[in-house]
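Reviewing the structure listed below.
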Amino acid sequence: MRLWSIHPKYLDRIGLVAVWREGLLAKRVLEGKTKGYRNHPQLLRFKESERPLDSIDAYLFQIYLEARRRGYSFDISKIRDIELLGILKVTRGQLEFEFTHLLRKLEMRDRRKFEELKNLDLRDLKPNPIFIVIEGGVEKWEKSSID
């Protein structure tokens with residue numbers, strides 16, 4: 001499971017569809033509707049927020065907006081359209097880690113998207129709008145082996 005902290009505009013088609021699907025799974029976990037993935041490290045920041053379900057719905061709403069911008073038809077009825085901005089924190093180091101990880105994936109599966117993003121200055125990275133960026137390294141919950 002990868003719930004990207006980076007802005008969904010950086011994701012290729014495969015990544016955008018995957019994060020929607022995985023985000024919906026995360027929502028089911030937070031709702032207590034599935035037994036798997038309950039302790040997945042990617043869920044910690046949502047679980048630890050004041051309103052976990054609002055946080056995951058706001059996260060997924062940003063994914064939905066990007067999909068709609070691209071002309072995709074994600075099913076909005078699966079989430080509540082909640083626009084909460086800057087409600088969770090993410091470190092600058094985490095954004096950079098994720099973006100570098102994404103570039104490695106794109107180099108293999110979507111050369112056009114890779115070429116579009118490869119020269120982006122890491123200082124200009126944008127997060128999913130539900131996050132506010134703070135200084136710091138890679139988040140403690142990040143898996144040591146890359147998924």
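Residues in the structure tokens are named by chain (A, B, ... in the order shown) and by number from 1 within that chain; ligands are numbered from 1 in the order shown.
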
Q: Just the helix (DSSP H, G or I) stuff from region 59-104 of chain A, please, per backbone DSSP, written as a list in words.
A: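 The helix (DSSP H, G or I) subset of region 59-104 of chain A is Tyr59, Leu60, Phe61, Gln62, Ile63, Tyr64, Leu65, Glu66, Ala67, Arg68, Arg69, Ile76, Ser77, Lys78, Arg92, Gly93, Gln94, Leu95, Glu96, Phe97, Glu98, Phe99, Thr100, His101, Leu102, Leu103 and Arg104 of chain A.
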
**Q.** Which of chain A DSSP labels strand (DSSP E or B), written as a list in words
**A.** Ile6, Leu88, Lys89, Val90, Thr91, Pro127, Phe131, Ile132, Val133 and Ile134 of chain A

Write to file, as a compact mmCIF listing (two decimals), in the first residue's frame, the residues of the selection just made, with N, CA, C and O atoms.
# COMPACT_ATOMS: atom_id res chain seq x y z
N ILE A 6 3.01 13.10 -1.95
CA ILE A 6 3.21 14.06 -3.03
C ILE A 6 1.88 14.36 -3.71
O ILE A 6 0.92 13.59 -3.61
N LEU A 88 -2.87 17.62 7.88
CA LEU A 88 -1.86 16.68 8.34
C LEU A 88 -0.48 17.22 7.97
O LEU A 88 -0.35 18.01 7.04
N LYS A 89 0.53 16.78 8.69
CA LYS A 89 1.89 17.22 8.40
C LYS A 89 2.66 16.13 7.66
O LYS A 89 2.43 14.94 7.88
N VAL A 90 3.56 16.57 6.81
CA VAL A 90 4.50 15.67 6.14
C VAL A 90 5.84 16.38 6.08
O VAL A 90 5.89 17.61 5.91
N THR A 91 6.90 15.62 6.25
CA THR A 91 8.22 16.23 6.22
C THR A 91 8.72 16.42 4.80
O THR A 91 8.34 15.69 3.88
N PRO A 127 2.87 18.87 -2.00
CA PRO A 127 2.23 17.71 -1.38
C PRO A 127 0.77 17.60 -1.83
O PRO A 127 0.22 18.54 -2.41
N PHE A 131 -1.87 17.97 3.14
CA PHE A 131 -0.65 18.04 3.94
C PHE A 131 -0.06 19.43 3.96
O PHE A 131 -0.10 20.15 2.97
N ILE A 132 0.53 19.75 5.10
CA ILE A 132 1.37 20.93 5.23
C ILE A 132 2.79 20.40 5.40
O ILE A 132 3.01 19.44 6.14
N VAL A 133 3.73 21.00 4.70
CA VAL A 133 5.11 20.51 4.71
C VAL A 133 5.88 21.15 5.86
O VAL A 133 5.84 22.36 6.06
N ILE A 134 6.56 20.29 6.62
CA ILE A 134 7.44 20.74 7.70
C ILE A 134 8.84 20.21 7.41
O ILE A 134 9.01 19.29 6.61

Q) Smallest atom-to-atom distance to Ser73 (chain A): which of A:Thr34, A:Leu16, A:Leu85, A:Ile130, using only C-alpha atoms? A)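 Closest candidate: A:Leu16.
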
Q: Go ahead and compute the interatomic distance for CA of Arg51 (chain A) and CA of Lys78 (chain A), in Å to one decimal.
A: 17.8 Å

Q | Shell of 7 Å around Ile82 (chain A), only C-alpha atoms, local chain residues under 2 positions omitted, as a PyMOL selection string | A | chain A and resi 57-58+61+80+84

Write the residues of the preceding selection, restricted to C-alpha atoms, as a short mmCIF file (atom, residue, chain, number, x, y, z; two decimals), in the first residue's frame.
data_model
loop_
_atom_site.label_atom_id
_atom_site.label_comp_id
_atom_site.auth_asym_id
_atom_site.auth_seq_id
_atom_site.Cartn_x
_atom_site.Cartn_y
_atom_site.Cartn_z
CA ASP A 57 -11.89 11.20 2.67
CA ALA A 58 -10.17 14.58 2.22
CA PHE A 61 -11.10 13.82 -2.60
CA ARG A 80 -17.47 12.17 1.06
CA LEU A 84 -9.73 19.94 4.19
#

(Q) Please report the interatomic distance between CA of Gly36 (chain A) and CA of Val138 (chain A) in Å with one decimal. (A)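 We find that CA of Gly36 (chain A) and CA of Val138 (chain A) lie 25.2 Å from each other.
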
**Q.** Distance query Glu66 (chain A) at most 12 Å, only C-alpha atoms, self and fewer than 2 positions along chain excluded, as a PyMOL selection string
**A.** chain A and resi 7-13+15-17+19-20+59-64+68-74+128-129

(Q) Neighbouring residues of Gln42 (chain A) were defined as those with any atom within 8 Å, considering only C-alpha atoms; residues of the same chain fewer than 4 positions away were excluded. Please report them as a count of residues only. (A) 5

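Proximity of A:Leu43, A:Ile87, A:Ala67, A:Lys118 to His101 (chain A), computed with only C-alpha atoms, is greatest for A:Lys118.
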